Amino acid sequence: MSRWESLLVVQQHDTRADQLVHRSETLPQRAALADVGEQLTVLDGRIGGVEQRRADLARSQQRLEDEIASLSERANQAEKQLYSGSVTNPRELQALQDDVASIRRRIGQLEDDELEIMELAEPVDAERSALAGERARLDSEIERLTGELAEGEAEIAAELDTERRARDEAAAGVPDELWAEYDTLRSQLGGIAVARLVGATCQGCHLALSAVEVDRIRKLPVDEPVHCEECGRLLVRD
Ligand SMILES: [Zn+2]
C-alpha cells in the first residue's frame with residue numbers, strides 16, 4: 001500500500017473517531033439529564049418553600065401547646081387551692097373562681113387557635129407529600145438516564161478503541177514527514193486532510209480540477225505530494 005493510501009486509511013479512521021466523539025458528546029441522555037436537573041432545581045425551591053411554611057406552622061402550634069400547658073398548670077393550681085378549703089373569705093373565693101374561669105376561657109381560645117393551625121397544616125402536608133413524590137420520580141429518572149448514558153458512552157468508547165487501533169496500524173505505513181501537514185490540514189479543513197482524486201474530482205470538496213491540472217498531476221512521481229487546487233487537501237491518486 002502506498003504512503004498515500006495508508007494516509008487515506010488513517011484519515012478514514014480519524015473521521016470515524018471524530019464522529020464517535022461527537023456522538024458521545026451529543027448523546028440525547030446528556031440533554032435530558034440537564035433538563036431533569038433544571039426541573040429538580042425548581043422543584044427543590046418549591047420543596048424548600050413548603051418546608052419553611054410547615055416549620056412555621058409547627059412552631060406556632062408548639063408555642064400554643066406550651067402556653068396551653070402552662071395555663072392548665074395555673075388553672076389546676078388555682079382549682080386545688082379553691083377546693084383545699086384553705087380559702088374561706090367569700091370574696092377571695094369568688095376571685096379565685098373568676099381566675100380559674102378566665103384561664104379556662106383563655107385555654108379554650110388557644111385550643112381553637114391550635115385547631116385552626118392544624119387545619120392550615122393539612123393542605124401544606126398534602127403539597128409536601130405530592131412534591132416528595134415528584135422528587136422521587138425525578139430521582140429515578142436521573143438514575144435511569146445516568147445508567148443509559150454510561151451504557152452509551154461505554155459502547156462508543158469500545159468502538160473508538162477499535163478505530164484507534166486500526167488507525168495506528170495504518171499509521172505505521174505513513175512516513176513521519178507527512179504528519180505535520182496532515183494535522184495542520186485536518187485542523188483547517190473540518191477534519192478532512194486527505195481525499196481521493198476520482199477522475200478529475202476531489203472527493204474532499206467534490207469540485208472538478210481543470211484538465212491541465214489533472215494532466216500535470218498524472219505526470220508527477222508517485223511520492224510527490226499533490227494538493228487539490230480548490231480546497232488544498234492532499235490528493236490520493238489511483
Ligand atoms: Zn478539493
# chains A, B, ... in the order shown; residues from 1 in each chain; ligands from 1
call {"tool": "closest_atom_pairs", "arguments": {"of": "range 83-157 of chain A", "to": "range 31-36 of chain A", "cutoff": "12 Å", "atoms": "only C-alpha atoms", "output": "CSV"}}
result
residue,atom,partner,partner_atom,distance
A:Glu134,CA,A:Val36,CA,11.5
A:Arg135,CA,A:Val36,CA,10.5
A:Arg137,CA,A:Val36,CA,10.3
A:Leu138,CA,A:Val36,CA,6.8
A:Asp139,CA,A:Val36,CA,8.9
A:Ser140,CA,A:Val36,CA,10.5
A:Glu141,CA,A:Val36,CA,7.8
A:Ile142,CA,A:Leu33,CA,6.4
A:Glu143,CA,A:Leu33,CA,9.5
A:Arg144,CA,A:Leu33,CA,9.7
A:Leu145,CA,A:Leu33,CA,6.6
A:Thr146,CA,A:Leu33,CA,7.6
A:Gly147,CA,A:Leu33,CA,11.0
A:Glu148,CA,A:Leu33,CA,10.6
A:Leu149,CA,A:Leu33,CA,9.2
call {"tool": "residues_near_ligand", "arguments": {"ligand": "ligand 1", "cutoff": "7 Å", "atoms": "only C-alpha atoms and all ligand atoms", "output": "list in words"}}
result
Cys202, Gln203, Gly204, Cys205, His206, Leu207, Cys228, Glu229, Glu230, Cys231, Gly232 and Arg233 of chain A
call {"tool": "select_by_dssp", "arguments": {"residues": "range 8-228 of chain A", "states": "helix (DSSP H, G or I)", "output": "PyMOL selection string"}}
result
chain A and resi 8-25+28-84+90-171+176-188+211-218
call {"tool": "closest_residue", "arguments": {"among": "A:Asp161, A:Asp98, A:Asp56, A:Asp44", "to": "Leu20 in chain A", "atoms": "only C-alpha atoms"}}
result
A:Asp161
call {"tool": "residues_around", "arguments": {"residues": "Tyr83 in chain A", "least_positions_apart": "4", "cutoff": "12 Å", "atoms": "only C-alpha atoms", "output": "PyMOL selection string"}}
result
chain A and resi 76-79+87-88+93+96-97+100
